[in-house]
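Let me begin by presenting the structure, written as structure tokens, before commenting on it.
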Amino acid sequence: MDRSKDANKVTFEEALTRTGFGLYSYLVVSLAGCIVLALVCIAFGTTIIIPTSACELGTTSSQRGILAAAPVVGLILGALIWGYLADIFGRRLTLMISLIASAAVNCLASLSVNWWMLMFLQFFSTFLCAGLYPQAMTIVSESVPLSKRNLSVLLVGSIFLLAQGLMALLAIPIIPLTFSYYLPSLGIYWNSWRTLLIVYSMPSLLSALWLYFMCESPKFLITKGRETEAMEVLRKMHRLNNLGTKTELKIEEAILLLPLEDINSKSSNNQCAPLFRPPLLKSTIIMTILYLFQQMPAFLVWFPTIAAQFVHILETGEGSNLTLCSIIRKSIESPPEAADSCNLNVTSLLIVLAFGAVQSLANVVISFVVDFTGRRNLVMLVTGLCGICGILVNLIPNAIASGVMFLIFLIGIVTSGLYTAIAVALFPTSLRTLAVALITTGHRIGSFASMQIVNLLFETNCEAGFYVYATIFASSAVVASFLIDDRKLGRVCKDATKL
């Protein structure tokens, strides 16, 4: 290589750093948060819809388990497809198509005449939005400077954690409504849970409209050889990030260089094979295991129902000396009156909202300390602590204390943001969206199975469910120890840029 030709050239990361961190950066991070909220409302809106539609649709316990798992199947089957399309056709185009299509199908689900139709449409709408999370995280990581990337990705992760609480917030004024309008052509009654499905589609349409005014990832454009477009995007980002100043981005089109890893990845004709051979194979295996061991969604999907059962028992004044599993078991043996069996009371929805806020706050705290501790070390701390609390759920004969241990156990889902941040750093641009989609597929397959297992264990052996899943999650600390300390990796990258 002729080093004299490269003397005045800069890497993409340096070019991105020169654009600064300002208005455009805030807009892209906020947009990613809105996209993540759109995903959660469509894919996990069933946590609110399932119990509130049970009476009208006449669903049994096993049927409700299938309804809860159907969106997860959609996530599994759709994630890799949308990840592949995003790496080929771009993040912006695939995101817009996904957002609009999934919202349309989710609205159609509000007209379901039976639980089979609801299951199919919820599966299909989730299939269409399966790539939203990795694509949103990718477009953020490729549009903000390296110095702010960890913070940005983890803040978007905070919105993901808060999203279930926001779903509950949207449901609070709608679900208690008692209106019911008969639609003779379909033979159904239009009521509150059907209205809520329409409301849950709105974040997707808002995100699609917002995305229309945003730019494609500049790093994606460069990997596709579209340097002129990439420079225009970088200039626009610089202008918006530096409002009030007249400085211009001083980079010529011909001097942008990709990192070596992206050049090598770009030359590969196979989009997936590099993930399964050195040097990426180790990262693929470790990240897949970490995602697979994190099965919080299997408990979170039943959280609104568990919260309602918990509140019901405590309101009666009976069960203050019981563990959480004893409360769940008692509520199954002595279900509430039929009039209340299909309602989520406001108190339980407020608990879901408050817990979402706590999770989000925990992730914000992580966002500010991660640069000091390192992502890997934080993963080891969080998985170990939350896993132990999951075991203690069974060992504390006090309803409040047992419930607190359960909530701390569920806070372990904050590792999702950490895992994504780690994956974004480990995989090259041309494979990044596909890689994140691939390693989360194992997680989603596990979640599909775990939802059925946890639903069964709540009725047969609740304690075993917590012992098994909490122990598996705690063992993630050992798996994470095989990752390189990202603080050392950061120092290596800084030293490399000085050469």
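How things are named: the first chain in the structure tokens is A, the next is B, and so on; residues count from 1 in each chain; ligands count from 1 in the order shown.
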(Q) Applying 12 Å and only C-alpha atoms, which residues near stretch 471-477 of chain A remain after dropping the ones on its own chain fewer than 6 positions away? List them as a PyMOL selection string. (A) chain A and resi 286-296+375-392+409-413+415+419+464-465+483
>> Set the distance at 9 Å and use only C-alpha atoms: which residues neighbour stretch 366-371 of chain A once local chain neighbours fewer than 2 positions away are removed? I'd like the list as a PyMOL selection string.
In response: chain A and resi 150-155+158+361-364+373-375+377-378+414+418+487
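Minimum distance to A:Pro218 across A:Leu234, A:Val72, A:Ala86, A:Ile453 (counting only C-alpha atoms) occurs at A:Leu234.
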With a distance cut-off of 10 Å and only C-alpha atoms, select the neighbouring residues of A:Glu229, excluding the residue or stretch itself and same-chain residues fewer than 6 positions from it, and output the selection as JSON, numbers by chain. {"A": [215, 216, 218, 221, 222, 235, 253]}
Practice problem: Please provide as number ranges by chain all residues within 8 Å of A:Thr126, with the sequence filter that same-chain residues fewer than 3 positions apart are discarded (counting only C-alpha atoms). | Solution: A: 39, 42-43, 71-72, 74-75, 78, 102, 122-123, 129-130
From the list A:Gly131, A:Pro176, A:Gly446, A:Pro297, the nearest residue to A:Leu95 using only C-alpha atoms is A:Gly131
Atom CA of A:Thr223 to atom CA of A:Ser25: how many Å, to one decimal?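 Spanning atom CA of A:Thr223 to atom CA of A:Ser25 is a straight-line distance of 21.0 Å.
Distances from A:Thr420, A:Thr460, A:Ser481, A:Thr195 to A:Tyr133 were compared using only C-alpha atoms, and the smallest one belongs to A:Thr420.
In this structure, atom CA of A:Phe466 sits 11.7 Å away from atom CA of A:Ser450.
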